[in-house]
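Structure file model.txt; described as compact mmCIF, C-alpha atoms and all ligand atoms.
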```
# COMPACT_ATOMS: atom_id res chain seq x y z
CA MET A 211 0.00 0.00 0.00
CA GLU A 212 1.24 3.51 -0.77
CA LEU A 213 2.47 5.33 2.33
CA GLU A 214 0.02 8.24 1.98
CA ARG A 215 -2.92 5.83 1.70
CA LEU A 216 -1.63 3.80 4.62
CA LEU A 217 -1.37 6.90 6.82
CA ARG A 218 -4.85 7.96 5.81
CA SER A 219 -6.22 4.53 6.77
CA GLN A 220 -4.61 4.89 10.20
CA GLY A 221 -6.20 8.26 10.96
CA PHE A 222 -3.53 10.74 9.89
CA GLY A 223 -5.91 12.85 7.84
CA SER A 224 -6.86 13.05 4.20
CA ARG A 225 -4.55 11.77 1.51
CA ALA A 226 -3.28 15.33 0.96
CA GLU A 227 -2.66 15.81 4.70
CA SER A 228 -0.88 12.45 4.90
CA ARG A 229 1.26 13.35 1.87
CA ALA A 230 2.21 16.65 3.52
CA LEU A 231 3.34 14.79 6.67
CA VAL A 232 5.57 12.56 4.56
CA TRP A 233 7.02 15.47 2.54
CA ALA A 234 7.77 17.28 5.81
CA GLY A 235 9.97 14.33 6.91
CA ARG A 236 7.73 13.57 9.89
CA VAL A 237 7.12 9.92 8.98
CA SER A 238 9.51 7.02 9.54
CA VAL A 239 9.04 3.43 8.51
CA ALA A 240 11.05 0.71 10.22
CA GLY A 241 13.21 3.40 11.82
CA GLU A 242 14.07 5.32 8.60
CA ILE A 243 12.51 8.61 7.52
CA CYS A 244 10.55 8.06 4.31
CA ASP A 245 9.85 11.19 2.26
CA ASP A 246 8.14 9.49 -0.67
CA PRO A 247 4.36 9.44 -0.17
CA LEU A 248 4.00 6.90 -2.98
CA ALA A 249 6.53 4.41 -1.54
CA ARG A 250 4.79 1.06 -1.17
CA PHE A 251 4.77 -1.07 1.98
CA GLU A 252 3.10 -4.27 3.02
CA PRO A 253 0.76 -2.97 5.75
CA GLU A 254 0.40 -6.16 7.83
CA GLY A 255 2.97 -6.02 10.64
CA LEU A 256 4.27 -2.60 9.59
CA VAL A 257 5.61 -0.34 12.35
CA PHE A 258 5.81 3.34 11.46
CA SER A 259 6.15 6.54 13.39
CA VAL A 260 4.79 10.03 12.99
CA ASP A 261 6.60 12.77 14.91
CA ASP A 262 8.51 10.02 16.77
CA VAL A 263 5.34 8.38 18.06
CA SER A 264 5.33 4.75 17.04
CA TRP A 265 2.25 3.04 15.60
CA ASP A 266 1.57 -0.52 14.46
CA TYR A 267 -0.54 -0.74 11.33
CA ARG A 268 -3.98 -2.06 12.28
CA LYS A 269 -6.72 -2.80 9.78
CA PHE A 270 -9.22 -2.11 12.56
CA ALA A 271 -8.67 -0.44 15.92
CA TYR A 272 -9.92 -2.33 18.99
CA LEU A 273 -9.37 -0.69 22.37
CA ALA A 274 -10.27 -1.14 26.00
CA LEU A 275 -10.74 2.12 27.88
CA ASN A 276 -11.01 2.37 31.65
CA LYS A 277 -13.80 4.94 31.77
CA PRO A 278 -13.52 7.35 34.68
CA ALA A 279 -16.57 8.79 36.43
CA ASP A 280 -17.82 12.15 35.15
CA TYR A 281 -17.17 11.42 31.49
CA GLU A 282 -19.94 11.00 28.93
CA CYS A 283 -19.95 8.32 26.22
CA SER A 284 -21.09 10.83 23.63
CA ARG A 285 -19.25 12.79 20.99
CA ARG A 286 -21.34 15.81 21.94
CA PRO A 287 -21.41 15.66 25.72
CA LEU A 288 -23.80 17.91 27.60
CA HIS A 289 -22.34 18.30 31.08
CA HIS A 290 -19.00 16.50 31.28
CA PRO A 291 -16.05 15.81 29.01
CA SER A 292 -16.44 13.11 26.40
CA VAL A 293 -14.67 9.75 26.73
CA TYR A 294 -13.41 10.45 23.21
CA SER A 295 -11.27 13.28 24.63
CA LEU A 296 -9.19 10.52 26.30
CA LEU A 297 -8.11 9.10 22.93
CA PRO A 298 -5.41 10.33 20.54
CA GLU A 299 -6.39 12.28 17.44
CA PRO A 300 -5.59 9.54 14.85
CA LEU A 301 -8.01 7.17 16.58
CA LEU A 302 -10.72 9.81 16.53
CA LYS A 303 -10.05 10.50 12.86
CA ARG A 304 -10.46 6.77 12.22
CA GLY A 305 -13.98 7.16 13.53
CA VAL A 306 -13.76 4.90 16.58
CA GLN A 307 -16.97 4.50 18.60
CA ALA A 308 -17.79 3.14 22.02
CA VAL A 309 -19.41 -0.30 21.96
CA GLY A 310 -22.55 0.48 23.91
CA ARG A 311 -22.43 3.09 26.65
CA LEU A 312 -21.69 3.50 30.31
CA ASP A 313 -23.56 6.16 32.27
CA GLN A 314 -21.74 9.39 33.06
CA ASP A 315 -21.27 8.30 36.70
CA ALA A 316 -20.33 4.68 35.87
CA THR A 317 -16.71 3.54 35.58
CA GLY A 318 -14.82 0.64 34.08
CA LEU A 319 -14.42 -1.36 30.92
CA LEU A 320 -15.55 0.31 27.71
CA LEU A 321 -14.73 -1.23 24.35
CA VAL A 322 -13.98 1.17 21.52
CA THR A 323 -13.53 0.31 17.84
CA ASP A 324 -13.91 1.42 14.23
CA ASP A 325 -15.13 -2.05 13.20
CA GLY A 326 -18.87 -1.74 12.67
CA SER A 327 -19.42 -5.47 12.41
CA PHE A 328 -17.68 -5.98 15.77
CA ILE A 329 -19.98 -3.38 17.36
CA HIS A 330 -22.96 -5.17 15.86
CA LYS A 331 -21.83 -8.55 17.20
CA CYS A 332 -21.04 -7.20 20.67
CA THR A 333 -24.34 -5.38 21.03
CA SER A 334 -26.64 -7.90 19.35
CA PRO A 335 -29.19 -9.13 21.93
CA ARG A 336 -28.78 -12.60 20.40
CA LYS A 337 -25.19 -12.85 21.61
CA GLN A 338 -26.10 -12.52 25.28
CA ILE A 339 -22.57 -11.46 26.20
CA PRO A 340 -22.28 -11.39 29.99
CA LYS A 341 -21.21 -8.10 31.52
CA LEU A 342 -20.07 -8.13 35.10
CA TYR A 343 -20.74 -5.04 37.21
CA GLU A 344 -19.58 -4.22 40.71
CA VAL A 345 -22.41 -2.36 42.37
CA ILE A 346 -22.27 -0.31 45.56
CA THR A 347 -25.76 0.04 46.96
CA ARG A 348 -27.29 2.68 49.19
CA HIS A 349 -29.03 0.17 51.49
CA VAL A 350 -27.91 -3.15 52.92
CA VAL A 351 -28.52 -5.92 50.37
CA ASP A 352 -30.79 -8.61 51.75
CA ASP A 353 -31.49 -12.16 50.59
CA GLU A 354 -34.84 -11.19 49.11
CA GLN A 355 -33.20 -8.63 46.84
CA ILE A 356 -30.66 -11.20 45.66
CA SER A 357 -33.37 -13.73 44.87
CA ALA A 358 -35.46 -11.07 43.13
CA LEU A 359 -32.50 -10.12 40.94
CA LEU A 360 -31.81 -13.76 40.14
CA SER A 361 -35.39 -14.77 39.48
CA GLY A 362 -36.27 -11.60 37.56
CA VAL A 363 -37.49 -8.10 38.33
CA GLN A 364 -40.16 -6.13 36.54
CA LEU A 365 -39.03 -2.99 34.69
CA HIS A 366 -41.52 -0.31 33.63
CA ASP A 367 -40.84 -0.67 29.90
CA ASP A 368 -40.90 -4.47 29.69
CA PRO A 369 -43.75 -6.85 30.41
CA GLN A 370 -41.21 -9.66 30.85
CA ALA A 371 -39.21 -9.86 34.06
CA VAL A 372 -35.45 -9.31 33.64
CA ALA A 373 -33.13 -11.62 35.56
CA ALA A 374 -29.45 -11.29 36.36
CA ALA A 375 -27.30 -14.14 35.02
CA ALA A 376 -25.44 -14.11 38.36
CA CYS A 377 -25.58 -12.09 41.54
CA VAL A 378 -23.06 -12.40 44.36
CA ARG A 379 -23.06 -10.32 47.55
CA LEU A 380 -19.48 -9.25 48.27
CA ASN A 381 -20.39 -7.39 51.43
CA GLU A 382 -23.50 -5.80 52.87
CA ARG A 383 -23.57 -2.93 50.38
CA CYS A 384 -21.67 -4.45 47.48
CA LEU A 385 -22.88 -6.79 44.76
CA GLN A 386 -21.36 -8.43 41.74
CA LEU A 387 -24.11 -8.51 39.16
CA THR A 388 -23.88 -10.15 35.76
CA VAL A 389 -26.34 -9.18 33.02
CA THR A 390 -26.50 -10.30 29.43
CA GLN A 391 -28.47 -7.40 27.99
CA GLY A 392 -27.28 -3.88 27.24
CA ARG A 393 -30.26 -1.66 27.92
CA TYR A 394 -30.45 1.93 29.12
CA HIS A 395 -29.67 2.18 32.88
CA LEU A 396 -30.30 -1.57 33.10
CA VAL A 397 -28.39 -2.31 36.31
CA LYS A 398 -29.68 0.79 38.09
CA ARG A 399 -33.25 -0.04 37.12
CA MET A 400 -32.92 -3.70 38.12
CA VAL A 401 -31.46 -2.83 41.52
CA ALA A 402 -34.17 -0.21 42.05
CA ALA A 403 -36.85 -2.73 41.08
CA ALA A 404 -35.41 -5.13 43.67
CA GLY A 405 -35.88 -2.43 46.34
CA ASN A 406 -32.41 -0.91 46.61
CA ARG A 407 -30.47 1.86 44.87
CA VAL A 408 -27.17 2.01 42.99
CA GLU A 409 -24.67 4.43 44.50
CA ALA A 410 -21.70 3.46 42.34
CA LEU A 411 -21.35 1.23 39.29
CA HIS A 412 -18.19 -0.25 37.80
CA ARG A 413 -18.02 -2.61 34.82
CA ALA A 414 -15.28 -5.12 35.59
CA SER A 415 -15.59 -7.42 32.59
CA ILE A 416 -17.28 -8.16 29.30
CA GLY A 417 -17.38 -11.86 28.35
CA GLY A 418 -14.04 -13.27 29.53
CA LEU A 419 -12.27 -9.94 29.09
CA THR A 420 -11.50 -8.31 32.44
CA LEU A 421 -10.29 -4.76 32.88
CA PRO A 422 -6.60 -5.13 33.79
CA GLU A 423 -5.73 -3.66 37.20
CA SER A 424 -2.73 -1.98 35.58
CA LEU A 425 -5.01 0.15 33.37
CA ALA A 426 -5.66 3.31 35.39
CA ALA A 427 -8.88 5.28 35.06
CA GLY A 428 -8.74 7.34 31.87
CA GLN A 429 -6.16 5.08 30.21
CA TRP A 430 -6.72 2.89 27.18
CA MET A 431 -4.94 -0.11 25.65
CA TRP A 432 -4.99 -1.89 22.31
CA LEU A 433 -6.84 -5.20 22.18
CA ASP A 434 -5.20 -7.85 20.03
CA ALA A 435 -6.41 -11.26 18.91
CA PRO A 436 -5.87 -13.04 22.29
CA GLU A 437 -7.91 -10.44 24.22
CA LEU A 438 -10.59 -10.28 21.52
CA ALA A 439 -10.90 -14.07 21.64
CA LEU A 440 -11.92 -13.75 25.30
CA LEU A 441 -15.13 -12.09 24.16
CA ALA A 442 -15.96 -15.38 22.39
CA LEU A 443 -18.07 -13.48 19.88
CA ASN A 444 -18.07 -16.28 17.34
CA GLN A 445 -19.09 -18.96 19.82
CA ARG A 446 -21.94 -16.73 20.90
CA MET A 447 -23.15 -16.22 17.34
CA ASP A 448 -26.28 -18.17 16.62
CA SER A 449 -26.86 -19.79 13.27
CA SER A 450 -29.74 -17.58 12.14
CA ALA A 451 -29.08 -14.75 9.71
CA GLU A 452 -28.24 -11.46 11.44
N1 LIG B 1 -26.42 -0.32 33.73
C1 LIG B 1 -26.60 0.94 34.18
O1 LIG B 1 -27.54 1.22 34.91
N2 LIG B 1 -25.69 1.87 33.81
C2 LIG B 1 -24.61 1.59 33.05
O2 LIG B 1 -23.81 2.49 32.75
C3 LIG B 1 -24.44 0.28 32.60
C4 LIG B 1 -25.37 -0.67 32.94
```
Before we go any further, please render this structure as structure tokens.
Ligand code: URA
Amino acid sequence: MELERLLRSQGFGSRAESRALVWAGRVSVAGEICDDPLARFEPEGLVFSVDDVSWDYRKFAYLALNKPADYECSRRPLHHPSVYSLLPEPLLKRGVQAVGRLDQDATGLLLVTDDGSFIHKCTSPRKQIPKLYEVITRHVVDDEQISALLSGVQLHDDPQAVAAAACVRLNERCLQLTVTQGRYHLVKRMVAAAGNRVEALHRASIGGLTLPESLAAGQWMWLDAPELALLALNQRMDSSAE
């Protein structure tokens, strides 16, 4: 692939902008400055740098972000900064999007990608991907609330009761709740329907992918094939047409 096209695909602007970067001597490939925008490279496995920041070529970008509280999962946030402000410009130019949303006050694992089919698979209700939340509650959690969450609680907008896939009390005001749907305020509404209230909400994992302890709030990391495999998206695909 020509260098200017490759840079464009990785979020370094239009073809003309990418060409200008190369002409300005700001792009190196395999450690050597390359000033020919039409020089051809095999993209798979290519390491290049722009202004001394190193990038691996990636056909699609898959990231895990540790969302801090008081950030909104919207590109046009109303009251708080956007989670997208935590990502570097080339990723934004690639058009990455959050896979589902976390509330402004919720923290934890947020997947971000520019692969539309991945977003579709992750968010499809058919996939039933478990999401594990750590929930701090306002009131002491009693056995009745746990059984209500496990057997199913009634939400206002759904005639069918919604049940947690798992619910473990960690201490008197702390639950680990696993849900397989991705609906608006789902955990808060379920806990409220069980007679309690969410005071703090943290998403610890999605499928088998757990937020690494080393990833501080506000930081992001690339996800490669081994981490993506933990989501088991293909195993969760059913055979009917999507
Ligand atoms: N459930 C909620 O209530 N809020 C979230 O952000 C995620 C799940």
Near stretch 291-301 of chain A, counting only C-alpha atoms, which residues have an atom at most 6 Å away, once you skip same-chain residues fewer than 5 positions from it, shown as a PyMOL selection string?
chain A and resi 221-222+281-284
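Listed by chain and then residue number, the contacts of ligand LIG 1 (chain B) are A:Gly310, A:Arg311, A:Leu312, A:Asp313, A:Gln314, A:Asp315, A:Ala316, A:Thr317, A:Lys341, A:Tyr343, A:Val389, A:Gln391, A:Gly392, A:Arg393, A:Tyr394, A:His395, A:Leu396, A:Val397, A:Lys398, A:Arg399, A:Met400, A:Val401, A:Val408, A:Leu411, A:His412, A:Arg413 (distance at most 9 Å, using all atoms listed in the file).
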Would you list the contacts of stretch 252-256 of chain A as a VMD selection string, taking every protein, DNA or RNA residue within 8 Å and counting all atoms listed in the file, but skipping same-chain residues closer than 5 positions in sequence?
chain A and resid 211 216 239 to 240 266 to 268
Create the file for the chosen residues now, containing C-alpha atoms and written as a short mmCIF file (atom, residue, chain, number, x, y, z; two decimals), in the coordinates of the input.
```cif
data_model
loop_
_atom_site.label_atom_id
_atom_site.label_comp_id
_atom_site.auth_asym_id
_atom_site.auth_seq_id
_atom_site.Cartn_x
_atom_site.Cartn_y
_atom_site.Cartn_z
CA MET A 211 0.00 0.00 0.00
CA LEU A 216 -1.63 3.80 4.62
CA VAL A 239 9.04 3.43 8.51
CA ALA A 240 11.05 0.71 10.22
CA ASP A 266 1.57 -0.52 14.46
CA TYR A 267 -0.54 -0.74 11.33
CA ARG A 268 -3.98 -2.06 12.28
#
```
Which residues are near A:Ser361? Cut-off 12 Å, all atoms listed in the file, ignore same chain within fewer than 5 positions. Put them as an MDAnalysis selection string.
chainID A and resid 354:356 370:377 400 404
If I put a ball of radius 12 Å at (-3.2, -1.0, 22.4) in the file's coordinates, which residues poke into it when counting all atoms listed in the file, written as a ChimeraX atom specification?
/A:264-268,270-275,297-298,301,321-323,425,429-435,437-438
Any idea what the distance is between atom CA of A:Val232 and atom CA of A:Val260?
8.8 Å
A:Trp233 surroundings by all atoms listed in the file, 9 Å radius, close-in-sequence under 3 positions cut, as a ChimeraX atom specification
/A:228-230,236-237,244-247
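Atom pair atom CA of A:Asn444 / atom CA of A:Ile339 has a distance of 11.0 Å (rounded to one decimal).
Comparing the minimum interatomic distances between A:Arg225 and each of A:Leu365, A:Ile243, A:Leu213, A:Leu441, counting all atoms listed in the file, we find that A:Leu213 sits nearest.
Atom CA of A:Arg250 sits 24.6 Å away from atom CA of A:Gly305.
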Smallest atom-to-atom distance to A:Ser334: which of A:Gly428, A:His366, A:Ser219, A:Val309, using all atoms listed in the file?
A:Val309
Taking (-19.4, -8.6, 44.9) as a centre in this file's frame and 9 Å as the limit, can you find every polymer residue with an atom that close, using only C-alpha atoms, and give them as a PDB file with C-alpha atoms, in the coordinates of the input?
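To be explicit, this is the file written out as result-v2.pdb:
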```pdb
ATOM      1  CA  TYR A 343     -20.740  -5.040  37.210  1.00  0.00           C
ATOM      2  CA  GLU A 344     -19.580  -4.220  40.710  1.00  0.00           C
ATOM      3  CA  VAL A 345     -22.410  -2.360  42.370  1.00  0.00           C
ATOM      4  CA  ILE A 346     -22.270  -0.310  45.560  1.00  0.00           C
ATOM      5  CA  CYS A 377     -25.580 -12.090  41.540  1.00  0.00           C
ATOM      6  CA  VAL A 378     -23.060 -12.400  44.360  1.00  0.00           C
ATOM      7  CA  ARG A 379     -23.060 -10.320  47.550  1.00  0.00           C
ATOM      8  CA  LEU A 380     -19.480  -9.250  48.270  1.00  0.00           C
ATOM      9  CA  ASN A 381     -20.390  -7.390  51.430  1.00  0.00           C
ATOM     10  CA  ARG A 383     -23.570  -2.930  50.380  1.00  0.00           C
ATOM     11  CA  CYS A 384     -21.670  -4.450  47.480  1.00  0.00           C
ATOM     12  CA  LEU A 385     -22.880  -6.790  44.760  1.00  0.00           C
ATOM     13  CA  GLN A 386     -21.360  -8.430  41.740  1.00  0.00           C
ATOM     14  CA  LEU A 387     -24.110  -8.510  39.160  1.00  0.00           C
TER      15      LEU A 387
END
```
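For the set A:Gln220, A:Ser259, A:Ser327, A:Asn406, the residue with the smallest atom-to-atom gap to A:His349 is A:Asn406, counting only C-alpha atoms.
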